[in-house]
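Presented below is the structure to which this report refers.
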Amino acid sequence: MTGIKLAVVGGGSTYTPELIDGFARLRDVLPVAELVLIDPAADRLELVGGLARRIFARQGHPGRISWTDDLDAGVDGADAVLLQLRIGGQAARNQDETWPLECGCVGQETTGAGGLAKALRTVPVVLDIAERVRRRNPDAWIVDFTNPVGIVTRALLTAGHKAVGLCNVAIGFQRKFARLLDVAPEDVQLEHVGLNHLTWERAVRVGGEDVLPKLIAEHGDAIAADLHMPRALVERLGTVPSYYLRYYYQHDEVVRELRTKPSRAAEVAAMEKELLRMYGDPALDEKPELLGKRGGAYYSEAAVALTSSLLRDTGDVQVVNALNNGTLPFLPDDAVIEVPATVGARGAVPVPVRPLEPLYAGLVAHVTAYEHLALEAALKGGRDRVFDALLAHPLIGQIEYAERLTDELLAHNREHLAWA
């Protein structure tokens, strides 16, 4: 594969240097000739772009890095466009994480009422970006890392875009399990199944053998501690749920915790301020250690692998967000699921999945129904559609809460919702 052009929408994010570091280290996998960072925030772009160039230079990468606030110019000629945007910034996220708590519901940026608010703000913007990419360069792939990934990816695919959704939960588990087993990460294959931020590891295979029972027996305390769940639950399930299952399995406990400390958005905002100060240092030419606390670990490796496979037509298997198309037969074909899939020039095709046990299938079906209604609300607007989505969400599901949360959601997001 000859040198390619990549565009990163949301390139002014403080997280971008992690992505740049991955491109620099893995240039044999993804030979980037040109990288364009696109963001309306010119001040952040200047700081992040300068550091990005210094990282490439330090690692001897020959690729050219530029930045712009002109989306159309930035994506022109791109082979792939990566989306990592946050509409409303950390201020909007802070609201998503706080006002639901007033109703006794979890405040979180990807699930519950806060997750719906983020979807409503995000989907129209992403679809507009994708349409402009298609007009400018119809062959470009869109790799979506923008949350809520499942809903955003479903919106993109429903609109006929060449898109694949990406999350770092699976690669995080792969790396964690590899360390515990003392094997190379590429030797670990996960039976990862569910929806974005609603998944379980049902098997962990090394050399074809499922070593998950051994992992739980020998490292159950460490695994449970990382999940902030009881070891007894992990042992009873015989699977490793994603951290996000806490919001369902321990909802009330999580609400109590969230009410006693600053929001994650407030923590990240303070961290971003310090990171931007550091990025402005012309002597800094590598990602700072503080960036590791920002979140999104291993996203760069996952993004490089996915983009390379799409452009090189490798046909290898990666965990991504893709259309269901009968993979989980109890879901609609147009649902977006997060499972291992064969990735190549035609996109991502899920590999066959063992029947999902009722304990998991019931929750997956419930959240899929919510995601359908959330997408309807994001595409068409209207208070009634917002209410329906909230009423359908398993973390809400009561008339009183849905009514109040609808009012709160609209009150906090009017500036981002044209129809409101």
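By order of appearance in the structure tokens: chains A, B, ..., then residues from 1 within every chain, and ligands from 1 in the order shown.
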Give me the residues near Gly114 (chain A) as a PDB file with N, CA, C and O atoms, in the first residue's frame, where near means some atom within 10 Å (using only C-alpha atoms) and where sequence neighbours in that chain fewer than 5 positions away do not count.
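The new file result.pdb reads:
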```pdb
ATOM      1  N   ALA A  92     -20.930  20.496  27.809  1.00  0.00           N
ATOM      2  CA  ALA A  92     -22.143  19.720  27.550  1.00  0.00           C
ATOM      3  C   ALA A  92     -22.055  18.357  28.224  1.00  0.00           C
ATOM      4  O   ALA A  92     -23.053  17.855  28.762  1.00  0.00           O
ATOM      5  N   ARG A  93     -20.874  17.763  28.203  1.00  0.00           N
ATOM      6  CA  ARG A  93     -20.706  16.478  28.877  1.00  0.00           C
ATOM      7  C   ARG A  93     -20.978  16.615  30.377  1.00  0.00           C
ATOM      8  O   ARG A  93     -21.601  15.738  30.982  1.00  0.00           O
ATOM      9  N   ASN A  94     -20.510  17.704  30.956  1.00  0.00           N
ATOM     10  CA  ASN A  94     -20.741  17.912  32.383  1.00  0.00           C
ATOM     11  C   ASN A  94     -22.234  17.946  32.701  1.00  0.00           C
ATOM     12  O   ASN A  94     -22.684  17.406  33.717  1.00  0.00           O
ATOM     13  N   GLN A  95     -23.013  18.571  31.823  1.00  0.00           N
ATOM     14  CA  GLN A  95     -24.462  18.573  32.023  1.00  0.00           C
ATOM     15  C   GLN A  95     -25.034  17.172  31.897  1.00  0.00           C
ATOM     16  O   GLN A  95     -25.876  16.755  32.700  1.00  0.00           O
ATOM     17  N   ASP A  96     -24.586  16.426  30.878  1.00  0.00           N
ATOM     18  CA  ASP A  96     -25.071  15.050  30.689  1.00  0.00           C
ATOM     19  C   ASP A  96     -24.842  14.207  31.934  1.00  0.00           C
ATOM     20  O   ASP A  96     -25.621  13.292  32.234  1.00  0.00           O
ATOM     21  N   GLU A  97     -23.763  14.508  32.649  1.00  0.00           N
ATOM     22  CA  GLU A  97     -23.386  13.683  33.795  1.00  0.00           C
ATOM     23  C   GLU A  97     -23.983  14.159  35.112  1.00  0.00           C
ATOM     24  O   GLU A  97     -23.812  13.491  36.135  1.00  0.00           O
ATOM     25  N   THR A  98     -24.694  15.291  35.085  1.00  0.00           N
ATOM     26  CA  THR A  98     -25.183  15.840  36.354  1.00  0.00           C
ATOM     27  C   THR A  98     -26.711  15.907  36.453  1.00  0.00           C
ATOM     28  O   THR A  98     -27.277  15.439  37.442  1.00  0.00           O
ATOM     29  N   TRP A  99     -27.398  16.484  35.449  1.00  0.00           N
ATOM     30  CA  TRP A  99     -28.841  16.660  35.644  1.00  0.00           C
ATOM     31  C   TRP A  99     -29.622  15.349  35.763  1.00  0.00           C
ATOM     32  O   TRP A  99     -30.624  15.315  36.485  1.00  0.00           O
ATOM     33  N   PRO A 100     -29.205  14.226  35.144  1.00  0.00           N
ATOM     34  CA  PRO A 100     -29.950  12.988  35.395  1.00  0.00           C
ATOM     35  C   PRO A 100     -29.896  12.535  36.850  1.00  0.00           C
ATOM     36  O   PRO A 100     -30.828  11.879  37.341  1.00  0.00           O
ATOM     37  N   LEU A 101     -28.806  12.896  37.552  1.00  0.00           N
ATOM     38  CA  LEU A 101     -28.678  12.489  38.955  1.00  0.00           C
ATOM     39  C   LEU A 101     -29.773  13.103  39.820  1.00  0.00           C
ATOM     40  O   LEU A 101     -30.159  12.532  40.847  1.00  0.00           O
ATOM     41  N   CYS A 105     -31.274   9.036  38.484  1.00  0.00           N
ATOM     42  CA  CYS A 105     -30.839   8.211  37.365  1.00  0.00           C
ATOM     43  C   CYS A 105     -29.359   8.449  37.095  1.00  0.00           C
ATOM     44  O   CYS A 105     -28.842   9.530  37.364  1.00  0.00           O
ATOM     45  N   VAL A 106     -28.703   7.452  36.546  1.00  0.00           N
ATOM     46  CA  VAL A 106     -27.268   7.559  36.322  1.00  0.00           C
ATOM     47  C   VAL A 106     -26.979   8.705  35.358  1.00  0.00           C
ATOM     48  O   VAL A 106     -27.707   8.936  34.385  1.00  0.00           O
ATOM     49  N   GLY A 107     -25.920   9.463  35.665  1.00  0.00           N
ATOM     50  CA  GLY A 107     -25.469  10.527  34.785  1.00  0.00           C
ATOM     51  C   GLY A 107     -24.197  10.079  34.089  1.00  0.00           C
ATOM     52  O   GLY A 107     -23.146   9.976  34.719  1.00  0.00           O
ATOM     53  N   GLN A 108     -24.295   9.806  32.791  1.00  0.00           N
ATOM     54  CA  GLN A 108     -23.163   9.252  32.054  1.00  0.00           C
ATOM     55  C   GLN A 108     -23.265   9.680  30.605  1.00  0.00           C
ATOM     56  O   GLN A 108     -24.364   9.859  30.090  1.00  0.00           O
ATOM     57  N   GLU A 109     -22.131   9.837  29.939  1.00  0.00           N
ATOM     58  CA  GLU A 109     -22.149  10.458  28.613  1.00  0.00           C
ATOM     59  C   GLU A 109     -22.557   9.522  27.483  1.00  0.00           C
ATOM     60  O   GLU A 109     -22.780   9.974  26.361  1.00  0.00           O
ATOM     61  N   ALA A 119     -26.377  11.780  21.890  1.00  0.00           N
ATOM     62  CA  ALA A 119     -26.780  11.273  20.579  1.00  0.00           C
ATOM     63  C   ALA A 119     -27.564  12.324  19.802  1.00  0.00           C
ATOM     64  O   ALA A 119     -27.339  12.520  18.602  1.00  0.00           O
ATOM     65  N   LEU A 120     -28.475  13.028  20.472  1.00  0.00           N
ATOM     66  CA  LEU A 120     -29.288  14.038  19.805  1.00  0.00           C
ATOM     67  C   LEU A 120     -28.423  15.184  19.281  1.00  0.00           C
ATOM     68  O   LEU A 120     -28.672  15.721  18.197  1.00  0.00           O
ATOM     69  N   LEU A 405     -37.080  13.890  32.800  1.00  0.00           N
ATOM     70  CA  LEU A 405     -35.810  13.872  32.094  1.00  0.00           C
ATOM     71  C   LEU A 405     -35.928  14.470  30.695  1.00  0.00           C
ATOM     72  O   LEU A 405     -34.986  15.103  30.199  1.00  0.00           O
ATOM     73  N   LEU A 409     -33.575  17.413  29.579  1.00  0.00           N
ATOM     74  CA  LEU A 409     -32.746  17.239  28.397  1.00  0.00           C
ATOM     75  C   LEU A 409     -32.936  18.397  27.422  1.00  0.00           C
ATOM     76  O   LEU A 409     -31.954  18.985  26.934  1.00  0.00           O
TER      77      LEU A 409
END
```
Quick one: everything within 12 Å of Arg179 (chain A), counting only C-alpha atoms, minus sequence neighbours fewer than 6 positions away in the same chain. Send it as a count of residues only.
10
Take CA of Pro394 (chain A) and CA of Ile87 (chain A) and report the distance between them in Å, one decimal.
25.2 Å
Hey, what's within 10 Å of Leu116 (chain A) if we count only C-alpha atoms and toss same-chain stuff fewer than 2 positions away? As number ranges by chain, please?
A: 96, 108-114, 118-122, 148, 151, 370-371, 373-375, 377-378, 386, 389-390, 393, 409
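When the distance limit is 7 Å and only C-alpha atoms are what count, the residues near Leu85 (chain A), minus those fewer than 3 positions from it on the same chain, are Val9, Gly10 and Thr146 of chain A.
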Next, dump the selected residues to file, keeping only all heavy atoms, as a compact mmCIF listing (two decimals), in the first residue's frame.
```txt
# COMPACT_ATOMS: atom_id res chain seq x y z
N VAL A 9 -11.34 14.40 11.99
CA VAL A 9 -12.31 15.44 12.35
C VAL A 9 -12.44 15.43 13.87
O VAL A 9 -12.79 14.42 14.48
CB VAL A 9 -13.67 15.18 11.67
CG1 VAL A 9 -14.65 16.29 12.06
CG2 VAL A 9 -13.51 15.12 10.16
N GLY A 10 -12.16 16.58 14.47
CA GLY A 10 -11.99 16.66 15.91
C GLY A 10 -10.51 16.58 16.24
O GLY A 10 -10.11 16.19 17.33
N THR A 146 -16.69 8.42 17.62
CA THR A 146 -17.51 9.39 18.33
C THR A 146 -18.66 8.69 19.05
O THR A 146 -19.43 7.95 18.44
CB THR A 146 -18.08 10.43 17.34
OG1 THR A 146 -17.00 11.14 16.76
CG2 THR A 146 -19.01 11.39 18.03
```
Gly362 (chain A) surroundings by only C-alpha atoms, 12 Å radius, close-in-sequence under 4 positions cut, as a list of chain:residue names
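Counting only C-alpha atoms, the residues come to A:Gly194, A:Leu198, A:Leu328, A:Phe330, A:Leu331, A:Leu356, A:Glu357, A:Pro358, A:His366, A:Val367, A:Thr368, A:Ala369, A:Pro394.
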Between A:Arg53, A:Lys176, A:His251, A:Arg259, which has the minimum distance to Ala24 (chain A) (counting only C-alpha atoms)?
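Closest to Ala24 (chain A) of all the choices is A:Arg53.
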In Å to one decimal, how far is CA of Pro213 (chain A) from CA of Thr239 (chain A)?
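Taking CA of Thr239 (chain A) as the start and CA of Pro213 (chain A) as the end point, the length is 8.6 Å.
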Name the residues in contact with Gly11 (chain A) at a cut-off of 7 Å, using only C-alpha atoms, excluding same-chain residues fewer than 4 positions from it; report them as a PyMOL selection string.
chain A and resi 16+37-39+45
For those residues, write N, CA, C and O atoms to a file as an mmCIF file, in the first residue's frame.
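After the write, again18.cif holds the following:
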```
data_model
loop_
_atom_site.group_PDB
_atom_site.id
_atom_site.type_symbol
_atom_site.label_atom_id
_atom_site.label_comp_id
_atom_site.auth_asym_id
_atom_site.auth_seq_id
_atom_site.Cartn_x
_atom_site.Cartn_y
_atom_site.Cartn_z
ATOM 1 N N THR A 16 -5.689 13.690 20.585
ATOM 2 C CA THR A 16 -5.085 13.450 19.271
ATOM 3 C C THR A 16 -3.624 13.002 19.330
ATOM 4 O O THR A 16 -3.210 12.141 18.540
ATOM 5 N N LEU A 37 -5.509 17.482 10.335
ATOM 6 C CA LEU A 37 -6.319 17.634 11.538
ATOM 7 C C LEU A 37 -7.342 18.734 11.275
ATOM 8 O O LEU A 37 -6.968 19.844 10.882
ATOM 9 N N ILE A 38 -8.615 18.415 11.505
ATOM 10 C CA ILE A 38 -9.710 19.342 11.197
ATOM 11 C C ILE A 38 -10.471 19.656 12.473
ATOM 12 O O ILE A 38 -10.887 18.737 13.197
ATOM 13 N N ASP A 39 -10.643 20.959 12.755
ATOM 14 C CA ASP A 39 -11.348 21.345 13.974
ATOM 15 C C ASP A 39 -11.695 22.831 13.879
ATOM 16 O O ASP A 39 -10.895 23.616 13.356
ATOM 17 N N LEU A 45 -6.046 23.661 17.709
ATOM 18 C CA LEU A 45 -5.412 23.032 16.545
ATOM 19 C C LEU A 45 -3.938 23.388 16.456
ATOM 20 O O LEU A 45 -3.088 22.538 16.153
#
```
Interatomic distance, CA of Ala33 (chain A) to CA of Leu6 (chain A) (Å, one decimal):
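Value for the CA of Ala33 (chain A)-CA of Leu6 (chain A) distance: 8.3 Å.
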Go through A:Val193, A:Ile142, A:Val304, A:Ala361 and flag the residue nearest Arg27 (chain A), using only C-alpha atoms for the distances.
A:Val304
Would you list the contacts of Ala184 (chain A) as a count of residues only, taking every protein, DNA or RNA residue within 10 Å and counting only C-alpha atoms, but skipping same-chain residues closer than 5 positions in sequence?
6
Nearest to Leu71 (chain A), chosen from A:Asp221, A:Glu400, A:Glu34, A:Glu131, with only C-alpha atoms counted in the distances:
A:Glu131
Taking only C-alpha atoms into account, produce a table as a Markdown table in which each residue of region 259-341 of chain A with an atom at most 9 Å from an atom of region 48-52 of chain A appears once, together with its shortest atom pair and the distance in Å to one decimal, ordered by chain and rising number.
```
| residue | atom | partner | partner_atom | distance |
| --- | --- | --- | --- | --- |
| A:Leu276 | CA | A:Val48 | CA | 7.7 |
| A:Tyr279 | CA | A:Leu51 | CA | 6.0 |
| A:Gly280 | CA | A:Leu51 | CA | 7.7 |
| A:Asp281 | CA | A:Leu51 | CA | 8.4 |
| A:Pro282 | CA | A:Leu51 | CA | 7.7 |
| A:Leu284 | CA | A:Leu51 | CA | 7.0 |
| A:Asp285 | CA | A:Leu51 | CA | 6.2 |
| A:Glu286 | CA | A:Leu51 | CA | 7.6 |
| A:Lys287 | CA | A:Leu51 | CA | 8.3 |
```
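Of the listed residues (A:Asn321, A:Asn413, A:Thr342, A:Asn168), A:Asn321 comes nearest to Leu195 (chain A); the distances count only C-alpha atoms.
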Determine which residues of region 212-358 of chain A DSSP labels as helix (DSSP H, G or I) from the backbone of this structure, then write them out as a PyMOL selection string.
chain A and resi 212-227+231-237+243-249+251-258+264-279+289-293+299-312+358
The selected residues should be written to file as an mmCIF file, in the first residue's frame (atoms: C-alpha atoms).
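Heads up, here's the output in out34.cif:
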```cif
data_model
loop_
_atom_site.group_PDB
_atom_site.id
_atom_site.type_symbol
_atom_site.label_atom_id
_atom_site.label_comp_id
_atom_site.auth_asym_id
_atom_site.auth_seq_id
_atom_site.Cartn_x
_atom_site.Cartn_y
_atom_site.Cartn_z
ATOM 1 C CA LEU A 212 -11.209 -17.659 30.404
ATOM 2 C CA PRO A 213 -12.003 -20.097 33.267
ATOM 3 C CA LYS A 214 -8.303 -20.088 34.175
ATOM 4 C CA LEU A 215 -8.171 -16.290 34.007
ATOM 5 C CA ILE A 216 -11.128 -15.930 36.355
ATOM 6 C CA ALA A 217 -9.821 -18.569 38.763
ATOM 7 C CA GLU A 218 -6.301 -17.154 38.965
ATOM 8 C CA HIS A 219 -6.914 -13.438 38.469
ATOM 9 C CA GLY A 220 -10.535 -12.959 39.488
ATOM 10 C CA ASP A 221 -9.739 -10.359 42.148
ATOM 11 C CA ALA A 222 -7.788 -8.152 39.726
ATOM 12 C CA ILE A 223 -10.409 -8.468 36.991
ATOM 13 C CA ALA A 224 -13.269 -7.682 39.376
ATOM 14 C CA ALA A 225 -11.378 -4.729 40.845
ATOM 15 C CA ASP A 226 -10.893 -3.217 37.390
ATOM 16 C CA LEU A 227 -14.608 -3.620 36.700
ATOM 17 C CA ARG A 231 -15.715 -11.214 42.015
ATOM 18 C CA ALA A 232 -18.634 -13.476 42.871
ATOM 19 C CA LEU A 233 -20.615 -12.001 39.977
ATOM 20 C CA VAL A 234 -17.801 -12.614 37.490
ATOM 21 C CA GLU A 235 -17.491 -16.198 38.739
ATOM 22 C CA ARG A 236 -21.230 -16.768 38.575
ATOM 23 C CA LEU A 237 -21.508 -15.410 35.029
ATOM 24 C CA TYR A 243 -17.136 -1.823 32.842
ATOM 25 C CA TYR A 244 -20.260 -0.150 31.440
ATOM 26 C CA LEU A 245 -22.434 -3.013 32.717
ATOM 27 C CA ARG A 246 -22.009 -1.447 36.147
ATOM 28 C CA TYR A 247 -24.601 1.122 35.142
ATOM 29 C CA TYR A 248 -27.121 -1.699 34.731
ATOM 30 C CA TYR A 249 -26.036 -4.262 37.326
ATOM 31 C CA HIS A 251 -27.317 1.316 39.015
ATOM 32 C CA ASP A 252 -28.346 2.667 42.406
ATOM 33 C CA GLU A 253 -24.892 2.157 43.892
ATOM 34 C CA VAL A 254 -23.324 4.018 40.971
ATOM 35 C CA VAL A 255 -25.778 6.904 41.390
ATOM 36 C CA ARG A 256 -24.805 7.194 45.056
ATOM 37 C CA GLU A 257 -21.115 7.253 44.077
ATOM 38 C CA LEU A 258 -21.606 9.864 41.370
ATOM 39 C CA ARG A 264 -15.796 12.939 35.069
ATOM 40 C CA ALA A 265 -16.243 15.890 32.703
ATOM 41 C CA ALA A 266 -14.941 18.265 35.382
ATOM 42 C CA GLU A 267 -11.904 16.041 35.920
ATOM 43 C CA VAL A 268 -11.217 15.817 32.187
ATOM 44 C CA ALA A 269 -11.665 19.578 31.688
ATOM 45 C CA ALA A 270 -8.977 20.270 34.307
ATOM 46 C CA MET A 271 -6.755 17.638 32.710
ATOM 47 C CA GLU A 272 -7.270 19.146 29.248
ATOM 48 C CA LYS A 273 -6.262 22.586 30.468
ATOM 49 C CA GLU A 274 -2.981 21.180 31.756
ATOM 50 C CA LEU A 275 -2.422 19.083 28.618
ATOM 51 C CA LEU A 276 -2.879 22.100 26.334
ATOM 52 C CA ARG A 277 -0.362 24.010 28.416
ATOM 53 C CA MET A 278 2.088 21.133 27.993
ATOM 54 C CA TYR A 279 1.410 20.867 24.255
ATOM 55 C CA GLU A 289 2.329 10.665 30.678
ATOM 56 C CA LEU A 290 -0.726 12.663 31.822
ATOM 57 C CA LEU A 291 -2.465 11.784 28.540
ATOM 58 C CA GLY A 292 -2.745 8.184 29.732
ATOM 59 C CA LYS A 293 -5.298 9.329 32.308
ATOM 60 C CA TYR A 299 -7.455 3.560 20.467
ATOM 61 C CA SER A 300 -4.516 4.432 18.236
ATOM 62 C CA GLU A 301 -3.550 0.774 17.746
ATOM 63 C CA ALA A 302 -7.167 -0.197 17.062
ATOM 64 C CA ALA A 303 -7.635 2.713 14.642
ATOM 65 C CA VAL A 304 -4.441 1.851 12.736
ATOM 66 C CA ALA A 305 -5.415 -1.817 12.451
ATOM 67 C CA LEU A 306 -8.969 -1.069 11.299
ATOM 68 C CA THR A 307 -8.005 1.619 8.791
ATOM 69 C CA SER A 308 -5.215 -0.524 7.366
ATOM 70 C CA SER A 309 -7.539 -3.506 6.908
ATOM 71 C CA LEU A 310 -10.199 -1.401 5.174
ATOM 72 C CA LEU A 311 -7.666 0.082 2.759
ATOM 73 C CA ARG A 312 -5.523 -3.027 2.215
ATOM 74 C CA PRO A 358 -31.216 -15.079 27.761
#
```
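Residue-level DSSP output for region 330-389 of chain A, from the backbone, shows strand (DSSP E) at Val336, Ile337, Glu338, Val339, Pro340, Ala341, Thr342, Val343, Gly344, Gly347, Ala348, Val349 and Pro350 of chain A.
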Hey, which of A:His372, A:His228, A:Arg54, A:His412 ends up closest to Gly150 (chain A)? Count only C-alpha atoms.
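Checking each of A:His372, A:His228, A:Arg54, A:His412 against Gly150 (chain A), counting only C-alpha atoms, the winner is A:His372.
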Nearest candidate to Ala91 (chain A) (options A:Ser263, A:Asp316, A:Asp69, A:Asp21; using only C-alpha atoms):
A:Ser263
